Number of protein chains: 2
Amino acid sequence: MDSQNDLSTEQAPVASSRPTDKPKRQRSPRLNLIYLGGLGEVGRNMMLLEYRGQILIIDAGFRMPEEDMPGIDYIIPNIAYLRGKERNILGAVFTHGHYDHIGAIPYAWPRLGNPPIYAGKLTKGIMLNRQEDFAYQPKLDITEVQSGSRIKIGPFKIEFFRQNHNIPSNFGLFIQTPAGNIVHTSDFKFDNDPINDLPTDFGMLEKIGQRGITLLMSDSTGAENEGHSLSERLIFENLDKLFQETKGRIISSTFASHLNRVQQIIALSEKYGRKVFLEGFSMKSNVEIAKNLKYLNVKPDTLLKPNQINKYPDERISFLCTGAQGETGAVLMKMANREYKFLRLKKGDTIIFSSSVIPGNERTVQFLKDQFYRQGAHVYHYQMMDIHASGHGHQEELKRMINMMKPKFFLPIHGQYSMLFEHANIAEGQGLNRKNIIIADNGDVVSFNQERYAIERNKVPSNYVMVDGLGIGDVGEVVLRDRQTLAQDGMFVIIVIVDGQTGKVKGSPDIISRGFVYLRESKDLLKETRQRVIGIVEKSTLAEARTVNSAYIKDELRDQIGDFLFSQTKRRPMVLPVVIEV
Amino acid sequence: MDSQNDLSTEQAPVASSRPTDKPKRQRSPRLNLIYLGGLGEVGRNMMLLEYRGQILIIDAGFRMPEEDMPGIDYIIPNIAYLRGKERNILGAVFTHGHYDHIGAIPYAWPRLGNPPIYAGKLTKGIMLNRQEDFAYQPKLDITEVQSGSRIKIGPFKIEFFRQNHNIPSNFGLFIQTPAGNIVHTSDFKFDNDPINDLPTDFGMLEKIGQRGITLLMSDSTGAENEGHSLSERLIFENLDKLFQETKGRIISSTFASHLNRVQQIIALSEKYGRKVFLEGFSMKSNVEIAKNLKYLNVKPDTLLKPNQINKYPDERISFLCTGAQGETGAVLMKMANREYKFLRLKKGDTIIFSSSVIPGNERTVQFLKDQFYRQGAHVYHYQMMDIHASGHGHQEELKRMINMMKPKFFLPIHGQYSMLFEHANIAEGQGLNRKNIIIADNGDVVSFNQERYAIERNKVPSNYVMVDGLGIGDVGEVVLRDRQTLAQDGMFVIIVIVDGQTGKVKGSPDIISRGFVYLRESKDLLKETRQRVIGIVEKSTLAEARTVNSAYIKDELRDQIGDFLFSQTKRRPMVLPVVIEV
């Protein structure tokens with residue numbers, strides 16, 4: 001893509017006082033921002049900075065599938081735009097170690113020529129741990145950075161600065177480019193009194209703002225929430241109260257990726273003389289990584305092995321596990337179903353849900369809660385008291401970020417469209433000119449310099465690429481639609497053998513059906529269906545002088561048997577006819 | 001069931017001072033409460049009162065399916081307990097016209113011998129309207145009741161008393177029985193200033209309490225919510241502000257069953273000179289019923305016909321529609337997808353979501369919101385301002401109800417188990433003896449008299465009965481599990497023709513697969529699979545002296561091809577082998 005040509009677009013709002021209809025006279029260098037994911041959605045964050053054909057990647061995350069995508073493991077960004085440009089990729093910087101920012105690496109990196117990576121120490125640790133599942137892939141080339149690190153990659157000078165979130169090693173990016181200075185906030189919140197982290201350094205942020213920011217790209221996840229996000233200190237104090245008052249076993253659950261919360265629960269367990277038993281694959285591996293890299297303080301004898309659990313009385317036991325979203329097969333679901341081998345719930349147990357419910361999981365989480373209540377446990381969840389805080393700044397924090405950065409252009413990132421839109425409103429409320437606020441979407445290309453910007457809508461492919469088992473992108477609309485149809489009313493295979501000589505059906509047609517009706521209780525329906533099948537086939541072969549027109553017969557069977565089954569059941573299974581001529 | 005025998009149960013908490021181990025000496029008459037639905041769940045409300053074999057039904061509702069029940073329309077109560085007892089059913093009283101209280105009638109009534117129904121005028125209207133879809137069924141026998149009505153049905157004397165909710169014609173029940181007085185609150189909230197309804201009559205409620213209540217069964221839906229539910233007056237005032245300030249078209253959506261909210265929006269439209277266009281089947285029919293029965297005030301020229309929409313300027317148009325849960329095919333979803341023929345969204349349109357999001361629908365509602373933002377509309381939803389109030393009392397109202405009724409026994413109804421449990425805690429906090437608080441579950445039988453109660457857990461069938469098309473209860477675990485499996489990784493049918501003489505496979509095996517891989521891009525996989533199929537079949541026939549052991553071959557194909565496909569794709573489609581011997 002030629003960045004000069006990008007400017008002749010259908011939409012070109014202009015922020016400067018110069019006339020817009022002469023973009024070709026624009027001499028100031030232009031930079032392209034290409035959004036492959038994370039705009040208009042939560043997760044799957046990935047963007048490109050392109051300057052004279054040289055490309056810098058920021059983040060490469062995945063997101064979880066939606067309800068109508070059965071069988072899908074993850075959704076990753078479409079990297080088709082980079083095909084044939086592998087040599088132009090200078091490298092990739094990663095803001096932090098959450099999977100919505102790094103999760104696409106194993107799927108994308110082998111196809112991008114394994115470009116060099118720049119990431120914090122913990123982020124690197126999480127990346128390398130994940131790569132163990134992809135051992136056949138080339139080794140990742142990771143350069144470690146820290147807060148204050150400055151690197152130069154082609155035309156881009158990047159400085160990493162510390163931002164509070166709910167995982168350590170989270171960095172905002174200050175990027176000097178020939179087109180102007182960019183700030184990318186990463187996911188962030190402001191916290192004067194965080195746990196396992198330093199307080200927000202507003203002085204440092206203000207200094208960054210004073211260097212002159214042409215474009216601010218800021219996290220919008222919390223843009224619809226009023227006020228200020230809760231401090232982790234408050235959460236800690238509330239959890240402290242619970243730990244102090246609880247006599248029986250404590251079972252806490254949170255996201256394994258929420259390492260600061262994990263730290264709180266371990267620290268409180270130690271404070272109140274409890275040993276910690278970790279459960280859940282991701283919980284165990286994340287704690288291991290963070291502990292080894294000194295991002296987590298755990299006393300040497302705090303963690304229990306399975307055979308040690310029964311050696312301690314209830315009041316000295318602290319379980320810490322995953323599964324607070326009600327995931328099938330996770331520890332909490334096993335406990336709810338009384339299938340977890342190391343612990344049976346009983347009266348006096350206390351269960352703490354220290355995480356929010358991801359939209360769509362409400363019913364399953366309610367199921368967990370009900371099961372725990374039924375088994376006599378106390379349940380504390382974040383709707384009852386402040387035992388969870390978001391890692392994303394609310395409106396007051398977003399305002400303050402905008403005020404400190406005083407950008408010329410503002411582009412909200414990371415969030416549903418409604419969040420981007422509300423974030424744009426917030427920026428306008430802070431005095432930014434609406435014309436300088438850019439609401440972009442995945443697939444858009446924004447080109448800008450210090451004076452102006454232009455946006456080309458839907459310029460690059462940015463559709464969902466679905467990962468299912470070993471397949472990347474091979475499950476598309478067709479396969480997914482078939483799965484949805486099969487789920488609704490099941491399927492109905494008809495196998496009919498036709499004598500090529502006589503045009504007669506041999507024997508009784510075979511029927512295989514699943515997910516439609518309970519066959520044993522539907523013998524009349526099947527009998528009637530078989531008779532109709534024979535009638536349809538023989539009517540066709542008779543009409544065509546006993547020749548077997550398979551394609552025609554199949555169409556007839558599909559339509560007529562489909563309609564017949566619907567008339568009898570008001571269900572529409574997928575009808576699949578097989579005609580065999582012998 | 002003999003109510004005397006019921007008392008010798010495994011669990012029999014005792015509330016009186018008499019010894020519990022001699023239940024057979026108990027002479028005071030006993031009444032059985034049998035819970036078929038609505039305990040430990042929201043919806044599907046149905047209970048039975050049984051006294052010396054005579055049965056009274058209270059409500060018969062349905063609930064919506066859960067995410068893992070593809071294709072299912074509704075879930076209704078299991079009425080197996082009533083089989084063979086049809087002649088003992090004295091009748092059924094209905095508290096109000098919401099489908100979670102009346103929705104099971106068309107499925108249950110023909111099987112119960114069409115017992116007589118007692119219901120309010122509006123409830124009756126909604127029931128009769130619904131029966132039009134089931135015209136072949138016997139006519140319902142409905143006796144109309146109103147607040148203050150007293151009826152005697154066998155041993156039960158029932159008084160209906162007005163309760164505030166979000167639909168008119170909602171009645172609590174005061175039931176005199178030989179075992180003591182029962183109060184059933186129906187769904188309720190307290191509202192001093194409601195819309196389309198009278199304020200709560202606390203004096204009347206207190207008088208009921210003064211008559212001596214042995215058992216209070218009270219709505220638990222709001223038991224986890226602090227404070228007092230919002231008054232509909234506040235909602236009205238907030239909506240009034242929106243209507244006053246809005247210049248363009250207003251598109252409001254709410255539940256069609258929430259008739260009081262519907263009234264508010266129609267009244268505000270009239271106040272601000274807007275004509276109302278109704279959309280959505282249930283919205284149109286509910287408004288029609290309520291208008292005809294004078295439960296809804298609509299001026300004669302307020303409602304628009306489709307051909308009149310374009311005759312009015314934007315500021316005089318008010319759309320009122322269903323689909324606020326993001327239902328596929330509903331008006332709002334069509335608007336979001338730009339597929340709605342009567343209206344294309346544009347800048348200046350205002351969309352009001354005046355309903356809460358039912359758990360599980362969050363993602364779809366977010367999709368709607370995003371699409372509306374993208375199309376330039378203003379969006380107001382209840383998380384941004386108080387434009388929706390629950391129809392269920394919060395903790396303070398539940399406390400007040402308990403205090404007014406001063407029951408001996410308390411049994412929380414209508415709600416998830418966590419809500420029942422918290423409601424029990426509330427009752428204990430109001431001074432009730434914990435021993436007199438009964439947390440029951442669907443399928444439990446509670447027998448009581450004025451002195452004591454006993455509970456038999458899981459005594460009657462109360463499992464989900466699923467309605468799918470014309471089938472009631474014919475979709476069971478097997479069919480549902482097949483649908484889930486088909487949805488995950490699709491299906492893979494193998495058709496192999498074997499020559500009975502030689503044991504050789506004739507031609508190339510047929511493969512039909514859907515929802516697994518995109519076949520056109522998987523030719524190598526299919527080729528390899530066919531070769532393996534031939535190998536498996538011929539190995540078997542060779543080993544068995546060329547006889548075709550179909551069952552064995554099918555098992556081998558299912559296992560070996562299943563494993564092969566998994567090794568190649570990490571997906572497990574449902575493998576269905578067909579072996580045809582010719």
# chains A, B, ... in the order shown; residues from 1 in each chain; ligands from 1
>>> residues_around(residues="Leu486 of chain A", least_positions_apart="3", cutoff="12 Å", atoms="only C-alpha atoms", output="ChimeraX atom specification")
/A:70,479-483,489-492,513-516,571-576 /B:70-71,479-491,513-516,573-574
>>> select_by_dssp(residues="segment 250-439 of chain B", states="strand (DSSP E or B)", output="PDB file with N, CA and C atoms, in the first residue's frame")
ATOM      1  N   ILE B 250     -38.054   8.096  17.953  1.00  0.00           N
ATOM      2  CA  ILE B 250     -37.754   7.320  19.165  1.00  0.00           C
ATOM      3  C   ILE B 250     -38.158   5.873  18.918  1.00  0.00           C
ATOM      4  N   ILE B 251     -37.216   4.978  19.144  1.00  0.00           N
ATOM      5  CA  ILE B 251     -37.499   3.546  19.026  1.00  0.00           C
ATOM      6  C   ILE B 251     -37.340   2.950  20.419  1.00  0.00           C
ATOM      7  N   SER B 252     -38.428   2.564  21.037  1.00  0.00           N
ATOM      8  CA  SER B 252     -38.367   1.984  22.385  1.00  0.00           C
ATOM      9  C   SER B 252     -38.603   0.491  22.303  1.00  0.00           C
ATOM     10  N   SER B 253     -37.918  -0.229  23.164  1.00  0.00           N
ATOM     11  CA  SER B 253     -38.165  -1.668  23.201  1.00  0.00           C
ATOM     12  C   SER B 253     -38.257  -2.121  24.644  1.00  0.00           C
ATOM     13  N   LYS B 275     -47.031   9.620  17.222  1.00  0.00           N
ATOM     14  CA  LYS B 275     -47.852   8.471  16.879  1.00  0.00           C
ATOM     15  C   LYS B 275     -47.031   7.205  17.152  1.00  0.00           C
ATOM     16  N   VAL B 276     -47.704   6.169  17.543  1.00  0.00           N
ATOM     17  CA  VAL B 276     -47.005   4.944  17.941  1.00  0.00           C
ATOM     18  C   VAL B 276     -47.179   3.863  16.890  1.00  0.00           C
ATOM     19  N   PHE B 277     -46.056   3.300  16.469  1.00  0.00           N
ATOM     20  CA  PHE B 277     -46.100   2.146  15.580  1.00  0.00           C
ATOM     21  C   PHE B 277     -45.617   0.938  16.362  1.00  0.00           C
ATOM     22  N   LEU B 278     -46.484  -0.057  16.509  1.00  0.00           N
ATOM     23  CA  LEU B 278     -46.124  -1.256  17.267  1.00  0.00           C
ATOM     24  C   LEU B 278     -45.499  -2.277  16.344  1.00  0.00           C
ATOM     25  N   GLU B 279     -44.466  -2.956  16.812  1.00  0.00           N
ATOM     26  CA  GLU B 279     -43.882  -4.033  16.023  1.00  0.00           C
ATOM     27  C   GLU B 279     -43.560  -5.226  16.911  1.00  0.00           C
ATOM     28  N   LEU B 303     -52.297   4.784  17.446  1.00  0.00           N
ATOM     29  CA  LEU B 303     -51.558   3.693  16.781  1.00  0.00           C
ATOM     30  C   LEU B 303     -51.564   3.867  15.263  1.00  0.00           C
ATOM     31  N   ILE B 317     -42.804  10.458  15.433  1.00  0.00           N
ATOM     32  CA  ILE B 317     -42.806   8.999  15.308  1.00  0.00           C
ATOM     33  C   ILE B 317     -42.266   8.347  16.586  1.00  0.00           C
ATOM     34  N   SER B 318     -42.988   7.359  17.072  1.00  0.00           N
ATOM     35  CA  SER B 318     -42.541   6.567  18.216  1.00  0.00           C
ATOM     36  C   SER B 318     -42.741   5.083  17.873  1.00  0.00           C
ATOM     37  N   PHE B 319     -41.628   4.378  17.728  1.00  0.00           N
ATOM     38  CA  PHE B 319     -41.701   2.926  17.505  1.00  0.00           C
ATOM     39  C   PHE B 319     -41.671   2.230  18.850  1.00  0.00           C
ATOM     40  N   LEU B 320     -42.471   1.217  18.981  1.00  0.00           N
ATOM     41  CA  LEU B 320     -42.440   0.426  20.210  1.00  0.00           C
ATOM     42  C   LEU B 320     -42.384  -1.036  19.796  1.00  0.00           C
ATOM     43  N   CYS B 321     -41.321  -1.708  20.185  1.00  0.00           N
ATOM     44  CA  CYS B 321     -41.132  -3.044  19.625  1.00  0.00           C
ATOM     45  C   CYS B 321     -40.521  -4.007  20.633  1.00  0.00           C
ATOM     46  N   THR B 350     -33.154   7.782  18.172  1.00  0.00           N
ATOM     47  CA  THR B 350     -32.852   7.452  19.562  1.00  0.00           C
ATOM     48  C   THR B 350     -33.450   6.087  19.883  1.00  0.00           C
ATOM     49  N   ILE B 351     -32.625   5.217  20.440  1.00  0.00           N
ATOM     50  CA  ILE B 351     -33.100   3.878  20.784  1.00  0.00           C
ATOM     51  C   ILE B 351     -33.072   3.714  22.289  1.00  0.00           C
ATOM     52  N   ILE B 352     -34.198   3.298  22.854  1.00  0.00           N
ATOM     53  CA  ILE B 352     -34.320   3.135  24.302  1.00  0.00           C
ATOM     54  C   ILE B 352     -34.534   1.659  24.620  1.00  0.00           C
ATOM     55  N   PHE B 353     -33.580   1.082  25.348  1.00  0.00           N
ATOM     56  CA  PHE B 353     -33.759  -0.285  25.855  1.00  0.00           C
ATOM     57  C   PHE B 353     -34.387  -0.174  27.231  1.00  0.00           C
ATOM     58  N   HIS B 378     -28.519   7.364  18.824  1.00  0.00           N
ATOM     59  CA  HIS B 378     -28.261   7.452  20.259  1.00  0.00           C
ATOM     60  C   HIS B 378     -28.832   6.205  20.911  1.00  0.00           C
ATOM     61  N   VAL B 379     -28.119   5.667  21.878  1.00  0.00           N
ATOM     62  CA  VAL B 379     -28.611   4.478  22.557  1.00  0.00           C
ATOM     63  C   VAL B 379     -28.714   4.766  24.051  1.00  0.00           C
ATOM     64  N   TYR B 380     -29.858   4.490  24.625  1.00  0.00           N
ATOM     65  CA  TYR B 380     -30.024   4.576  26.076  1.00  0.00           C
ATOM     66  C   TYR B 380     -30.397   3.210  26.605  1.00  0.00           C
ATOM     67  N   HIS B 381     -29.630   2.703  27.526  1.00  0.00           N
ATOM     68  CA  HIS B 381     -30.004   1.425  28.130  1.00  0.00           C
ATOM     69  C   HIS B 381     -29.984   1.557  29.641  1.00  0.00           C
ATOM     70  N   PHE B 409     -44.434 -20.652  59.420  1.00  0.00           N
ATOM     71  CA  PHE B 409     -43.438 -21.263  58.530  1.00  0.00           C
ATOM     72  C   PHE B 409     -43.215 -20.355  57.326  1.00  0.00           C
ATOM     73  N   PHE B 410     -41.990 -20.360  56.846  1.00  0.00           N
ATOM     74  CA  PHE B 410     -41.659 -19.534  55.684  1.00  0.00           C
ATOM     75  C   PHE B 410     -40.997 -20.406  54.635  1.00  0.00           C
ATOM     76  N   LEU B 411     -41.478 -20.296  53.388  1.00  0.00           N
ATOM     77  CA  LEU B 411     -40.905 -21.092  52.308  1.00  0.00           C
ATOM     78  C   LEU B 411     -40.695 -20.186  51.096  1.00  0.00           C
ATOM     79  N   PRO B 412     -39.444 -19.849  50.799  1.00  0.00           N
ATOM     80  CA  PRO B 412     -39.181 -18.964  49.663  1.00  0.00           C
ATOM     81  C   PRO B 412     -39.449 -19.698  48.341  1.00  0.00           C
ATOM     82  N   ILE B 413     -40.123 -19.028  47.416  1.00  0.00           N
ATOM     83  CA  ILE B 413     -40.415 -19.619  46.098  1.00  0.00           C
ATOM     84  C   ILE B 413     -39.894 -18.698  44.995  1.00  0.00           C
ATOM     85  N   GLY B 415     -37.245 -18.663  42.259  1.00  0.00           N
ATOM     86  CA  GLY B 415     -35.887 -18.146  42.177  1.00  0.00           C
ATOM     87  C   GLY B 415     -34.825 -19.224  42.159  1.00  0.00           C
ATOM     88  N   ILE B 437     -38.002 -22.256  58.750  1.00  0.00           N
ATOM     89  CA  ILE B 437     -37.767 -21.780  57.386  1.00  0.00           C
ATOM     90  C   ILE B 437     -37.422 -22.988  56.521  1.00  0.00           C
TER      91      ILE B 437
END
>>> residues_around(residues="Asn181 of chain B", least_positions_apart="2", cutoff="7 Å", atoms="only C-alpha atoms", output="list of chain:residue names")
B:Ile175, B:Gln176, B:Thr177, B:Val183, B:Gly212, B:Ile213, B:Thr214, B:Leu215
>>> residues_around(residues="Val460 of chain A", least_positions_apart="6", cutoff="9 Å", atoms="only C-alpha atoms", output="PDB file with all heavy atoms, in the first residue's frame")
ATOM      1  N   ILE A  34      -2.845   0.299  10.801  1.00  0.00           N
ATOM      2  CA  ILE A  34      -3.696  -0.741  10.224  1.00  0.00           C
ATOM      3  C   ILE A  34      -4.215  -1.610  11.357  1.00  0.00           C
ATOM      4  O   ILE A  34      -3.432  -2.197  12.119  1.00  0.00           O
ATOM      5  CB  ILE A  34      -2.886  -1.567   9.205  1.00  0.00           C
ATOM      6  CG1 ILE A  34      -2.415  -0.628   8.078  1.00  0.00           C
ATOM      7  CG2 ILE A  34      -3.716  -2.723   8.659  1.00  0.00           C
ATOM      8  CD1 ILE A  34      -1.294  -1.191   7.244  1.00  0.00           C
ATOM      9  N   TYR A  35      -5.535  -1.681  11.481  1.00  0.00           N
ATOM     10  CA  TYR A  35      -6.136  -2.358  12.623  1.00  0.00           C
ATOM     11  C   TYR A  35      -6.642  -3.737  12.223  1.00  0.00           C
ATOM     12  O   TYR A  35      -7.582  -3.860  11.445  1.00  0.00           O
ATOM     13  CB  TYR A  35      -7.261  -1.499  13.211  1.00  0.00           C
ATOM     14  CG  TYR A  35      -6.713  -0.214  13.785  1.00  0.00           C
ATOM     15  CD1 TYR A  35      -6.702   0.961  13.032  1.00  0.00           C
ATOM     16  CD2 TYR A  35      -6.131  -0.204  15.041  1.00  0.00           C
ATOM     17  CE1 TYR A  35      -6.155   2.123  13.551  1.00  0.00           C
ATOM     18  CE2 TYR A  35      -5.574   0.952  15.569  1.00  0.00           C
ATOM     19  CZ  TYR A  35      -5.588   2.120  14.810  1.00  0.00           C
ATOM     20  OH  TYR A  35      -5.028   3.253  15.322  1.00  0.00           O
ATOM     21  N   LEU A  36      -6.008  -4.767  12.747  1.00  0.00           N
ATOM     22  CA  LEU A  36      -6.406  -6.141  12.423  1.00  0.00           C
ATOM     23  C   LEU A  36      -7.332  -6.751  13.479  1.00  0.00           C
ATOM     24  O   LEU A  36      -7.962  -7.768  13.242  1.00  0.00           O
ATOM     25  CB  LEU A  36      -5.166  -7.029  12.270  1.00  0.00           C
ATOM     26  CG  LEU A  36      -4.163  -6.586  11.194  1.00  0.00           C
ATOM     27  CD1 LEU A  36      -3.034  -7.606  11.081  1.00  0.00           C
ATOM     28  CD2 LEU A  36      -4.850  -6.412   9.839  1.00  0.00           C
ATOM     29  N   ALA A  80      -3.753 -11.733   6.583  1.00  0.00           N
ATOM     30  CA  ALA A  80      -3.591 -11.793   5.123  1.00  0.00           C
ATOM     31  C   ALA A  80      -2.882 -10.545   4.582  1.00  0.00           C
ATOM     32  O   ALA A  80      -2.119 -10.632   3.613  1.00  0.00           O
ATOM     33  CB  ALA A  80      -4.950 -11.953   4.449  1.00  0.00           C
ATOM     34  N   TYR A  81      -3.116  -9.401   5.226  1.00  0.00           N
ATOM     35  CA  TYR A  81      -2.487  -8.170   4.732  1.00  0.00           C
ATOM     36  C   TYR A  81      -0.968  -8.279   4.729  1.00  0.00           C
ATOM     37  O   TYR A  81      -0.297  -7.648   3.906  1.00  0.00           O
ATOM     38  CB  TYR A  81      -2.911  -6.976   5.600  1.00  0.00           C
ATOM     39  CG  TYR A  81      -2.199  -5.710   5.216  1.00  0.00           C
ATOM     40  CD1 TYR A  81      -2.541  -5.029   4.044  1.00  0.00           C
ATOM     41  CD2 TYR A  81      -1.156  -5.200   5.994  1.00  0.00           C
ATOM     42  CE1 TYR A  81      -1.876  -3.881   3.667  1.00  0.00           C
ATOM     43  CE2 TYR A  81      -0.486  -4.063   5.623  1.00  0.00           C
ATOM     44  CZ  TYR A  81      -0.843  -3.401   4.457  1.00  0.00           C
ATOM     45  OH  TYR A  81      -0.172  -2.270   4.073  1.00  0.00           O
ATOM     46  N   ASN A 442     -11.967  -2.456  12.975  1.00  0.00           N
ATOM     47  CA  ASN A 442     -11.051  -3.455  12.412  1.00  0.00           C
ATOM     48  C   ASN A 442     -11.103  -3.397  10.892  1.00  0.00           C
ATOM     49  O   ASN A 442     -12.172  -3.285  10.302  1.00  0.00           O
ATOM     50  CB  ASN A 442     -11.454  -4.859  12.846  1.00  0.00           C
ATOM     51  CG  ASN A 442     -11.230  -5.090  14.322  1.00  0.00           C
ATOM     52  OD1 ASN A 442     -10.381  -4.453  14.939  1.00  0.00           O
ATOM     53  ND2 ASN A 442     -11.997  -6.009  14.892  1.00  0.00           N
ATOM     54  N   GLY A 443      -9.939  -3.470  10.273  1.00  0.00           N
ATOM     55  CA  GLY A 443      -9.886  -3.446   8.815  1.00  0.00           C
ATOM     56  C   GLY A 443      -9.690  -2.055   8.249  1.00  0.00           C
ATOM     57  O   GLY A 443      -9.374  -1.897   7.069  1.00  0.00           O
ATOM     58  N   ASP A 444      -9.839  -1.041   9.101  1.00  0.00           N
ATOM     59  CA  ASP A 444      -9.638   0.327   8.626  1.00  0.00           C
ATOM     60  C   ASP A 444      -8.148   0.644   8.576  1.00  0.00           C
ATOM     61  O   ASP A 444      -7.345   0.094   9.338  1.00  0.00           O
ATOM     62  CB  ASP A 444     -10.303   1.337   9.571  1.00  0.00           C
ATOM     63  CG  ASP A 444     -11.824   1.253   9.525  1.00  0.00           C
ATOM     64  OD1 ASP A 444     -12.348   0.537   8.648  1.00  0.00           O
ATOM     65  OD2 ASP A 444     -12.464   1.900  10.373  1.00  0.00           O
ATOM     66  N   VAL A 445      -7.788   1.558   7.676  1.00  0.00           N
ATOM     67  CA  VAL A 445      -6.422   2.081   7.620  1.00  0.00           C
ATOM     68  C   VAL A 445      -6.501   3.583   7.850  1.00  0.00           C
ATOM     69  O   VAL A 445      -7.202   4.291   7.131  1.00  0.00           O
ATOM     70  CB  VAL A 445      -5.768   1.772   6.263  1.00  0.00           C
ATOM     71  CG1 VAL A 445      -4.396   2.430   6.189  1.00  0.00           C
ATOM     72  CG2 VAL A 445      -5.655   0.265   6.066  1.00  0.00           C
TER      73      VAL A 445
END
>>> atom_distance(atom1="atom CA of Ala330 of chain B", atom2="atom CA of Glu41 of chain A")
23.2 Å
>>> closest_residue(among="B:Arg434, B:Lys523, B:Lys459, B:Arg374", to="chain A", atoms="only C-alpha atoms")
B:Arg374
>>> closest_residue(among="B:Met466, B:Ile495, B:Ala551, B:Leu242", to="chain A", atoms="only C-alpha atoms")
B:Ile495
>>> residues_around(residues="Glu528 of chain B", least_positions_apart="4", cutoff="12 Å", atoms="only C-alpha atoms", output="ChimeraX atom specification")
/B:508-509,511,522-524,532-535,561,564-565,568
>>> write_last_selection(atoms="N, CA and C atoms", output="mmCIF file, in the first residue's frame")
data_model
loop_
_atom_site.group_PDB
_atom_site.id
_atom_site.type_symbol
_atom_site.label_atom_id
_atom_site.label_comp_id
_atom_site.auth_asym_id
_atom_site.auth_seq_id
_atom_site.Cartn_x
_atom_site.Cartn_y
_atom_site.Cartn_z
ATOM 1 N N SER B 508 -15.429 -47.075 -4.385
ATOM 2 C CA SER B 508 -14.816 -46.236 -3.354
ATOM 3 C C SER B 508 -15.864 -45.901 -2.298
ATOM 4 N N PRO B 509 -15.528 -46.031 -1.019
ATOM 5 C CA PRO B 509 -16.508 -45.706 0.013
ATOM 6 C C PRO B 509 -17.015 -44.268 -0.136
ATOM 7 N N ILE B 511 -18.412 -40.818 1.408
ATOM 8 C CA ILE B 511 -18.273 -40.087 2.668
ATOM 9 C C ILE B 511 -19.171 -38.855 2.620
ATOM 10 N N SER B 522 -10.097 -30.481 1.729
ATOM 11 C CA SER B 522 -9.583 -31.580 2.546
ATOM 12 C C SER B 522 -9.493 -32.859 1.729
ATOM 13 N N LYS B 523 -9.151 -32.728 0.459
ATOM 14 C CA LYS B 523 -9.162 -33.903 -0.419
ATOM 15 C C LYS B 523 -8.173 -34.973 0.009
ATOM 16 N N ASP B 524 -7.018 -34.546 0.466
ATOM 17 C CA ASP B 524 -6.016 -35.529 0.903
ATOM 18 C C ASP B 524 -6.519 -36.334 2.093
ATOM 19 N N ARG B 532 -8.114 -46.134 4.307
ATOM 20 C CA ARG B 532 -8.156 -46.801 5.611
ATOM 21 C C ARG B 532 -9.462 -47.571 5.792
ATOM 22 N N VAL B 533 -10.547 -46.996 5.307
ATOM 23 C CA VAL B 533 -11.837 -47.680 5.406
ATOM 24 C C VAL B 533 -11.756 -49.029 4.697
ATOM 25 N N ILE B 534 -11.231 -49.007 3.475
ATOM 26 C CA ILE B 534 -11.114 -50.258 2.713
ATOM 27 C C ILE B 534 -10.254 -51.257 3.475
ATOM 28 N N GLY B 535 -9.133 -50.769 4.009
ATOM 29 C CA GLY B 535 -8.235 -51.636 4.766
ATOM 30 C C GLY B 535 -8.926 -52.271 5.961
ATOM 31 N N ILE B 561 -11.436 -44.915 12.487
ATOM 32 C CA ILE B 561 -11.535 -43.688 11.683
ATOM 33 C C ILE B 561 -11.686 -42.476 12.601
ATOM 34 N N PHE B 564 -8.253 -41.719 13.758
ATOM 35 C CA PHE B 564 -7.458 -41.171 12.664
ATOM 36 C C PHE B 564 -7.814 -39.701 12.409
ATOM 37 N N LEU B 565 -9.102 -39.428 12.333
ATOM 38 C CA LEU B 565 -9.519 -38.042 12.083
ATOM 39 C C LEU B 565 -9.055 -37.125 13.214
ATOM 40 N N GLN B 568 -5.436 -36.291 12.922
ATOM 41 C CA GLN B 568 -5.133 -35.375 11.822
ATOM 42 C C GLN B 568 -5.652 -33.963 12.073
#
>>> atom_distance(atom1="atom CA of Ser285 of chain A", atom2="atom CA of Lys311 of chain A")
24.4 Å
>>> closest_residue(among="A:Glu339, A:Asp197, A:Asp499, A:Glu456", to="chain B", atoms="only C-alpha atoms")
A:Asp499
>>> residues_around(residues="Gly376 of chain B", least_positions_apart="2", cutoff="8 Å", atoms="only C-alpha atoms", output="VMD selection string")
chain B and resid 345 to 349 372 to 374 378
